[in-house]
Each structure stands twice: as structure tokens, then as C-alpha cells.
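Engineer: Enclosed is the structure file run08.txt (compact mmCIF, C-alpha atoms).
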```txt
# COMPACT_ATOMS: atom_id res chain seq x y z
CA MET V 69 15.36 39.07 66.73
CA SER V 70 11.67 38.48 67.33
CA ALA V 71 9.33 41.43 67.92
CA LEU V 72 8.73 40.38 71.53
CA VAL V 73 12.46 40.21 72.34
CA VAL V 74 13.00 43.63 70.74
CA ARG V 75 10.16 45.13 72.78
CA ILE V 76 11.51 43.63 76.02
CA LEU V 77 15.05 44.84 75.25
CA GLU V 78 13.68 48.30 74.43
CA HIS V 79 12.00 48.55 77.85
CA VAL V 80 15.09 47.26 79.66
CA HIS V 81 17.26 49.72 77.68
CA GLY V 82 15.03 52.63 78.68
CA HIS V 83 15.00 51.74 82.36
CA VAL V 84 18.74 50.97 82.57
CA GLY V 85 19.41 54.21 80.64
CA TRP V 86 17.60 56.32 83.25
CA LEU V 87 19.24 54.40 86.10
CA SER V 88 22.68 54.96 84.59
CA ALA V 89 21.97 58.67 84.03
CA LEU V 90 21.15 59.10 87.72
CA ALA V 91 24.03 56.82 88.79
CA LEU V 92 26.56 58.88 86.76
CA ALA V 93 25.54 62.01 88.66
CA HIS V 94 26.56 60.35 91.95
CA PRO V 95 30.36 60.24 91.38
CA ALA V 96 30.14 63.68 89.73
CA VAL V 97 28.66 65.13 92.94
CA LEU V 98 31.07 63.25 95.22
CA LEU V 99 34.10 64.32 93.16
CA ARG V 100 33.59 68.00 94.01
CA ARG V 101 36.28 66.99 96.52
CA PRO V 102 38.74 65.49 94.01
CA ARG V 103 40.79 63.48 96.51
CA ARG V 104 37.77 61.45 97.59
CA ASN V 105 37.88 57.71 96.84
CA VAL V 106 34.71 57.00 94.84
CA PHE V 107 36.00 54.14 92.71
CA GLY V 108 33.24 51.70 93.71
CA VAL V 109 30.41 54.14 93.01
CA ALA V 110 32.02 55.20 89.74
CA GLY V 111 32.57 51.56 88.71
CA ALA V 112 28.89 50.74 89.30
CA ALA V 113 27.73 53.81 87.34
CA THR V 114 30.10 52.99 84.48
CA ALA V 115 28.88 49.37 84.41
CA LEU V 116 25.28 50.60 84.18
CA VAL V 117 25.96 53.04 81.34
CA THR V 118 27.94 50.32 79.52
CA ALA V 119 24.98 47.93 79.84
CA ALA V 120 22.60 50.62 78.55
CA ALA V 121 24.91 51.39 75.62
CA ALA V 122 25.33 47.69 74.77
CA LEU V 123 21.55 47.22 74.71
CA GLY V 124 21.19 50.36 72.59
CA ALA V 125 23.78 49.10 70.12
CA LEU V 126 21.95 45.76 69.98
CA LEU V 127 18.63 47.50 69.22
CA TYR V 128 19.96 50.15 66.82
CA PRO V 129 20.00 48.00 63.62
CA SER V 130 16.34 46.99 64.23
CA TYR V 131 15.46 50.64 64.90
CA ARG V 132 17.13 51.78 61.66
CA VAL V 133 15.21 49.28 59.58
CA GLY V 134 11.83 49.22 61.35
CA LEU V 135 11.23 52.50 63.12
CA LYS V 136 13.50 55.24 61.79
CA PRO V 137 11.84 55.62 58.35
CA LEU V 138 8.37 55.77 59.98
CA ILE V 139 9.42 58.35 62.57
CA LEU V 140 11.27 60.51 60.05
CA ALA V 141 8.28 60.40 57.69
CA SER V 142 5.68 61.30 60.32
CA THR V 143 7.63 63.61 62.68
CA PRO V 144 11.12 64.53 61.46
CA ALA V 145 11.83 66.52 64.64
CA VAL V 146 11.42 63.40 66.79
CA GLY V 147 13.65 61.42 64.40
CA ALA V 148 16.34 64.09 64.63
CA LEU V 149 16.01 64.06 68.43
CA PHE V 150 16.67 60.31 68.44
CA GLU V 151 19.80 60.70 66.30
CA ARG V 152 21.13 63.37 68.69
CA LYS V 153 20.40 61.10 71.65
CA GLU V 154 22.55 58.36 70.10
CA HIS V 155 25.56 60.70 69.75
CA LEU V 156 25.18 61.95 73.33
CA GLY V 157 24.92 58.36 74.56
CA VAL V 158 28.18 57.44 72.83
CA ALA V 159 29.94 60.41 74.42
CA ALA V 160 28.50 59.58 77.87
CA LEU V 161 29.92 56.06 77.57
CA VAL V 162 33.40 57.28 76.58
CA LEU V 163 33.46 59.96 79.29
CA ALA V 164 32.37 57.48 81.97
CA TRP V 165 35.21 55.10 81.07
CA THR V 166 37.67 58.03 81.00
CA GLY V 167 36.53 59.04 84.48
CA LEU V 168 36.83 55.50 85.80
CA ALA V 169 40.33 55.09 84.35
CA ALA V 170 41.37 58.44 85.89
CA LEU V 171 40.05 57.26 89.27
CA ALA V 172 41.95 53.98 88.90
CA LEU V 173 45.13 55.98 88.32
CA ALA V 174 44.32 58.23 91.30
CA ARG V 175 43.93 55.34 93.74
CA ARG V 176 47.63 55.39 94.60
CA ARG V 177 48.10 58.67 96.43
CA ASP V 178 50.75 60.95 94.99
CA ALA V 179 51.10 64.45 93.55
CA ALA V 180 48.88 63.64 90.58
CA THR V 181 45.92 62.37 92.67
CA ALA V 182 44.05 65.70 92.93
CA ASP V 183 44.52 66.50 89.22
CA LEU V 184 43.31 63.02 88.23
CA GLY V 185 40.33 63.50 90.55
CA ARG V 186 39.52 66.80 88.82
CA LEU V 187 39.77 65.09 85.42
CA ALA V 188 37.38 62.37 86.64
CA PHE V 189 35.02 65.07 88.01
CA VAL V 190 34.81 66.80 84.61
CA ALA V 191 34.40 63.45 82.82
CA TYR V 192 31.59 62.22 85.11
CA SER V 193 29.84 65.62 85.10
CA GLY V 194 29.84 65.61 81.29
CA ALA V 195 28.75 61.95 81.19
CA ALA V 196 25.89 62.60 83.64
CA PHE V 197 24.68 65.64 81.69
CA MET V 198 24.76 63.81 78.36
CA ALA V 199 23.14 60.69 79.83
CA VAL V 200 20.27 62.71 81.34
CA VAL V 201 19.65 64.51 78.03
CA ALA V 202 19.88 61.19 76.11
CA ALA V 203 17.49 59.45 78.53
CA GLY V 204 15.02 62.34 78.30
CA ALA V 205 15.17 62.32 74.51
CA GLY V 206 14.71 58.54 74.51
CA LEU V 207 11.62 58.92 76.69
CA ILE V 208 10.10 61.45 74.26
CA VAL V 209 10.83 59.25 71.24
CA GLY V 210 9.58 56.12 73.05
CA ALA V 211 6.33 57.88 74.01
CA HIS V 212 5.90 58.95 70.39
CA ARG V 213 6.52 55.55 68.76
CA SER V 214 8.13 52.29 69.83
CA PHE V 215 8.64 48.74 68.54
CA MET C 159 56.87 54.61 101.59
CA ARG C 160 59.68 53.19 99.54
CA ASP C 161 63.16 54.48 100.32
CA LEU C 162 64.34 56.36 97.26
CA SER C 163 67.76 57.79 96.72
CA PRO C 164 67.71 61.59 97.06
CA LEU C 165 69.36 61.65 93.63
CA ALA C 166 66.57 59.62 92.01
CA ALA C 167 64.14 61.80 90.12
CA PRO C 168 60.50 60.95 90.85
CA ARG C 169 58.92 59.32 87.79
CA PRO C 170 55.51 60.82 87.12
CA ILE C 171 54.11 57.63 85.61
CA ARG C 172 50.54 58.31 86.73
CA ALA C 173 50.71 61.91 85.53
CA ARG C 174 51.84 60.69 82.12
CA ALA C 175 49.11 58.04 81.99
CA GLY C 176 46.57 60.68 83.03
CA VAL C 177 47.69 63.00 80.24
CA GLN C 178 47.47 60.15 77.72
CA LEU C 179 44.01 59.21 79.01
CA GLY C 180 42.62 62.76 79.07
CA GLY C 181 44.26 63.62 75.75
CA GLY C 182 42.79 60.49 74.21
CA CYS C 183 39.32 61.42 75.44
CA VAL C 184 39.64 64.97 74.07
CA ALA C 185 40.87 63.51 70.76
CA PHE C 186 37.84 61.18 70.66
CA LEU C 187 35.40 64.06 71.14
CA LEU C 188 37.13 66.30 68.58
CA ALA C 189 37.41 63.49 66.01
CA TYR C 190 33.73 62.66 66.50
CA VAL C 191 32.77 66.32 66.04
CA ALA C 192 34.87 66.55 62.85
CA LEU C 193 33.40 63.33 61.43
CA GLN C 194 29.87 64.44 62.34
CA LEU C 195 30.35 67.76 60.54
CA LEU C 196 31.80 65.97 57.48
CA HIS C 197 28.80 63.61 57.54
CA GLU C 198 26.38 66.54 57.63
CA LEU C 199 28.20 68.12 54.68
CA GLY C 200 27.99 64.82 52.79
CA HIS C 201 31.75 64.25 52.77
CA ASP C 202 32.12 61.07 54.81
CA PRO C 203 35.73 59.84 54.51
CA ARG C 204 35.83 56.57 52.56
CA LEU C 205 37.96 54.90 55.21
CA VAL C 206 35.34 55.67 57.87
CA VAL C 207 32.46 54.47 55.68
CA ALA C 208 34.33 51.20 55.11
CA LEU C 209 34.66 50.54 58.85
CA ALA C 210 31.02 49.57 59.48
CA PRO C 211 27.73 49.52 57.54
CA ILE C 212 26.02 51.73 60.14
CA PRO C 213 27.44 55.32 60.14
CA LEU C 214 27.06 55.74 63.93
CA PHE C 215 29.15 52.63 64.61
CA ALA C 216 31.71 53.58 61.94
CA ARG C 217 32.13 57.05 63.46
CA PHE C 218 32.54 55.53 66.93
CA VAL C 219 35.24 53.11 65.76
CA ALA C 220 37.07 55.82 63.78
CA SER C 221 36.98 58.25 66.72
CA ALA C 222 38.17 55.52 69.10
CA ALA C 223 41.08 54.80 66.74
CA CYS C 224 41.96 58.54 66.74
CA ALA C 225 41.79 58.57 70.55
CA LEU C 226 44.05 55.54 70.81
CA GLY C 227 46.57 57.06 68.41
CA ALA C 228 46.51 60.44 70.13
CA GLY C 229 46.89 58.82 73.56
CA VAL C 230 49.96 56.89 72.44
CA VAL C 231 51.57 59.88 70.70
CA ILE C 232 50.88 62.42 73.49
CA GLY C 233 52.88 60.43 76.05
CA PRO C 234 56.37 60.95 74.57
CA LEU C 235 55.52 64.34 72.98
CA VAL C 236 54.54 66.15 76.16
CA ARG C 237 57.44 67.15 78.39
CA ASP C 238 55.79 68.51 81.55
CA HIS C 239 53.10 65.93 82.32
CA GLU C 240 52.11 67.43 85.68
CA ARG C 241 51.45 70.83 84.10
CA TRP C 242 49.35 69.32 81.30
CA LEU C 243 47.43 67.19 83.78
CA ARG C 244 46.49 70.38 85.65
CA ILE C 245 45.26 71.97 82.39
CA LEU C 246 43.45 68.89 81.03
CA PRO C 247 40.18 69.13 83.05
CA ALA C 248 39.56 72.60 81.53
CA VAL C 249 40.48 71.34 78.03
CA LEU C 250 38.13 68.36 78.47
CA ALA C 251 35.33 70.68 79.64
CA VAL C 252 35.78 72.82 76.49
CA ALA C 253 35.78 69.67 74.29
CA ILE C 254 32.56 68.47 75.98
CA ALA C 255 30.91 71.87 75.39
CA LEU C 256 32.02 71.84 71.75
CA PHE C 257 30.67 68.31 71.32
CA VAL C 258 27.27 69.19 72.81
CA VAL C 259 26.93 72.38 70.73
CA THR C 260 27.89 70.52 67.53
CA ILE C 261 25.51 67.63 68.15
CA VAL C 262 22.58 69.83 69.20
CA PHE C 263 22.90 72.60 66.61
CA ALA C 264 24.85 71.15 63.70
CA SER C 265 23.44 67.67 63.17
```
Show me this structure written as C-alpha cells.
Structural biologist:
Amino acid sequence: MSALVVRILEHVHGHVGWLSALALAHPAVLLRRPRRNVFGVAGAATALVTAAAALGALLYPSYRVGLKPLILASTPAVGALFERKEHLGVAALVLAWTGLAALALARRRDAATADLGRLAFVAYSGAAFMAVVAAGAGLIVGAHRSF
Amino acid sequence: MRDLSPLAAPRPIRARAGVQLGGGCVAFLLAYVALQLLHELGHDPRLVVALAPIPLFARFVASAACALGAGVVIGPLVRDHERWLRILPAVLAVAIALFVVTIVFAS
């Protein structure tokens, strides 16, 4: 990948990451009432976090080779922050998909609907928290050094 | 509503799927935590290392495989799916807290 493409993807990744962090909070707030149908909102938030994660995965090999050694050499704390952000991003992605699948199961109303809604609420709350922390950490690292 | 015989037991298919889904997610988080701790101790399992050249991706694939396996196994193992589905949000919340604490303080 050329340097220009990597820089563009990095910016898109950062912006989509923040958008997805805020979008994941929306179903989490709405699901305080677990029987509510929020499948569309949750689907959009999950699509955003998936796009952010895909871009991150695309950039990660370039980061490991080009940036990680420089960051770890100059400011190890920022390098460690970036590594933590990656783990939290992975968990946010998995939790978002778990929440969406629980909401898909809850669409047909029966005895399990409220419990599936509660499961989706916990999953989206956790995903939103981790995505906000990951986006914040990404902002700090990006402000420190980027491609 | 479909007309069901009063003798027909209701089949909690969605409850079972929910337990498999939630159990799989909990298994993913726990497997990831375990692999992360092993990585920090310098004892990465050879099978995990062989999955992908980048440790982050290898850990993700290995944890996803654990989640898939756990999800499949939990279905027939658990008897009372409705009861476990009621408990699962709390279990998932504990797994999320454990994951965050491990990643923040032990990596």
C-alpha cells in the first residue's frame, strides 16, 4: 500500500471509529427497555463498527512494520496504549455482533424476548464502552504520531 | 398464533439459540483473556502462534474458534435454557469486566 493510501485509510478509520463508538451507545440507551425493537439502529451501529474494524485490520500490518517500533522506542506508554486499544476494538466488534444476533432472535415475540433484549443491552453497553475507550486511545496515539 | 395441541410442549428454540450465542460470546472473552495472559507470560500456545503471523489476529481466530465450539456444546449440555438465558446477561457483564481489567492492567 502506498503512503498516501495508508494515510487516507488512517483518517477514515479514525472518523468511522468515533462514529461507530457513538452509534453503539444508541441501541445501548434504547435497550434500557429490553422489549423495544431497535434492530435497525443496532444493525447500522454494528455495520459501522465492522467497517472500522476492517479498516483497522487492513492498517495493522503497516502499523506494526512502520510505526510501532518508532512509537515504542520514543514513548512506550503510547505504544502500550495502542496495543490495549486494539484488544478493546476486537471485543467491541464481537459484542456488537452478539447484540445484533440476540436482537434478531428477539424479533419474534415470545417468552425469551425480554431476556434476549437484556442480553443485547449488556452486549451493546459493553461494546459502546470499549469502542469509546478505543477511539479515545486511537486519538491520543494519532495525535502523537501517525503515518 | 398457531394452533398447538395442549399436549405439545413449547420448544424454546430461541432460548436455546440465545444461550448458545451468549455462551459463545462469554467463551470468546474468557479465551481471549487466557491467551492474552499466556502471551504476557511468554507462553503462547504453539497452535495459536501457527494460526496467523500477527499475534493479535491469531488470538482473535483462536478465541473465535473457542466461542464456536462452546456455542455448539452448550446447546445440548444445558437443560433449562430459559433459566440460563435469564442469568446470561449478568455472566456476560462479569466477563466484560474481567476482559477490561485484564487488558488494562495485565497487558
Engineer: Residues at most 10 Å from C:Asp238, counting only C-alpha atoms, excluding those fewer than 3 positions away in the same chain, as a PyMOL selection string?
Structural biologist: chain C and resi 170+173-174+177+235+241-243
Engineer: Within 10 Å of chain V, which residues of chain C come that close, and what is the closest atom pair and distance in Å for each? Count only C-alpha atoms and give it as a tab-separated table.
Structural biologist:
```
residue	atom	partner	partner_atom	distance
C:Pro170	CA	V:Ala180	CA	8.0
C:Ile171	CA	V:Ala180	CA	9.4
C:Arg172	CA	V:Leu173	CA	6.1
C:Ala173	CA	V:Ala180	CA	5.6
C:Arg174	CA	V:Ala180	CA	9.4
C:Ala175	CA	V:Leu173	CA	7.8
C:Gly176	CA	V:Ala170	CA	6.3
C:Val177	CA	V:Leu184	CA	9.1
C:Leu179	CA	V:Thr166	CA	6.7
C:Gly180	CA	V:Thr166	CA	7.1
C:Gly182	CA	V:Thr166	CA	8.9
C:Cys183	CA	V:Thr166	CA	6.7
C:Val184	CA	V:Leu163	CA	9.5
C:Phe186	CA	V:Val162	CA	8.4
C:Leu187	CA	V:Ala159	CA	7.3
C:Tyr190	CA	V:His155	CA	9.0
C:Val191	CA	V:His155	CA	9.9
C:Gln194	CA	V:His155	CA	9.4
C:Pro211	CA	V:Pro129	CA	10.0
C:Ile212	CA	V:Pro129	CA	7.9
C:Leu214	CA	V:His155	CA	7.8
C:Phe215	CA	V:Ala125	CA	8.5
C:Arg217	CA	V:His155	CA	9.8
C:Phe218	CA	V:Val158	CA	7.6
C:Ala222	CA	V:Val162	CA	9.0
C:His239	CA	V:Ala180	CA	9.6
C:Glu240	CA	V:Ala180	CA	7.0
C:Arg241	CA	V:Asp183	CA	9.6
C:Trp242	CA	V:Asp183	CA	9.7
C:Leu243	CA	V:Asp183	CA	6.2
C:Arg244	CA	V:Asp183	CA	5.6
C:Ile245	CA	V:Asp183	CA	8.8
C:Leu246	CA	V:Leu187	CA	6.9
C:Pro247	CA	V:Leu187	CA	4.7
C:Ala248	CA	V:Val190	CA	8.1
C:Val249	CA	V:Leu187	CA	9.7
C:Leu250	CA	V:Val190	CA	7.2
C:Ala251	CA	V:Val190	CA	6.3
C:Ile254	CA	V:Gly194	CA	6.6
C:Ala255	CA	V:Gly194	CA	8.7
C:Phe257	CA	V:Ala159	CA	8.5
C:Val258	CA	V:Leu156	CA	7.6
C:Thr260	CA	V:Arg152	CA	9.9
C:Ile261	CA	V:Arg152	CA	6.1
C:Val262	CA	V:Arg152	CA	6.6
C:Phe263	CA	V:Arg152	CA	9.6
C:Ala264	CA	V:Arg152	CA	10.0
C:Ser265	CA	V:Arg152	CA	7.4
```
Engineer: Identify the residues within 6 Å of coordinate (42.0, 58.5, 97.8) (same frame as the file), considering all atoms listed in the file, and give the answer as JSON, numbers by chain.
Structural biologist: {"V": [103, 104, 105, 175]}
Engineer: Please indicate the distance in Å from atom CA of V:His81 to atom CA of V:Gly124, rounded to one decimal place.
Structural biologist: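 Taking atom CA of V:His81 as the start and atom CA of V:Gly124 as the end point, the length is 6.5 Å.
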Engineer: Ranking V:Val73, V:Ala120, V:Leu138, V:Leu126 by minimum distance to V:Trp86 and counting only C-alpha atoms, which one comes first?
Structural biologist: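 The answer is V:Ala120, which sits nearest to V:Trp86.
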Engineer: Pick out the closest residue to V:Thr118 from this set: V:Ser88, V:Ser70, V:Thr143, V:Ser130. Count only C-alpha atoms.
Structural biologist: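 Closest candidate: V:Ser88.
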Engineer: What is the atom CA of V:Glu78-atom CA of C:Ala210 distance in Å, reported with one decimal?
Structural biologist: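 Atom CA of V:Glu78 sits 22.9 Å away from atom CA of C:Ala210.
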Engineer: When distances are computed from all atoms listed in the file, which of V:Ala121, V:Ala164, V:Leu72, V:Leu140 shows the smallest separation from V:Ala91?
Structural biologist: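 Of V:Ala121, V:Ala164, V:Leu72, V:Leu140, the one nearest V:Ala91 is V:Ala164, counting all atoms listed in the file.
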Engineer: Can you pull out the residues contacting V:Leu135? Cut-off 12 Å, using only C-alpha atoms, and skip same-chain residues under 6 positions away; I want them as a list in words.
Structural biologist: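 With the cut-off at 12 Å, the set is Val74, Leu127, Tyr128, Pro129, Ala141, Ser142, Thr143, Val146, Gly147, Phe150, Val209, Gly210, His212, Arg213, Ser214 and Phe215 of chain V.
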Engineer: V:Leu98, V:Ile139, V:Leu123, V:Ala112: which is nearest V:His79, counting all atoms listed in the file?
Structural biologist: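 Among V:Leu98, V:Ile139, V:Leu123, V:Ala112, it is V:Leu123 that comes nearest to V:His79.
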Engineer: Report, in Å to a single decimal, how far apart atom CA of V:Ala211 and atom CA of V:Leu90 are.
Structural biologist: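 These two atoms are separated by 20.2 Å.
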Engineer: Applying 12 Å and all atoms listed in the file, which residues near V:Leu87 remain after dropping the ones on its own chain fewer than 3 positions away? List them as a ChimeraX atom specification.
Structural biologist: /V:80-84,90-94,112-120,196,199-200,203-204
Engineer: Return the single residue from C:Ala185, C:Val259, C:Ala253, C:Leu196 that is closest to C:Val230, with distances computed using only C-alpha atoms.
Structural biologist: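 The shortest atom-to-atom distance to C:Val230 comes from C:Ala185.
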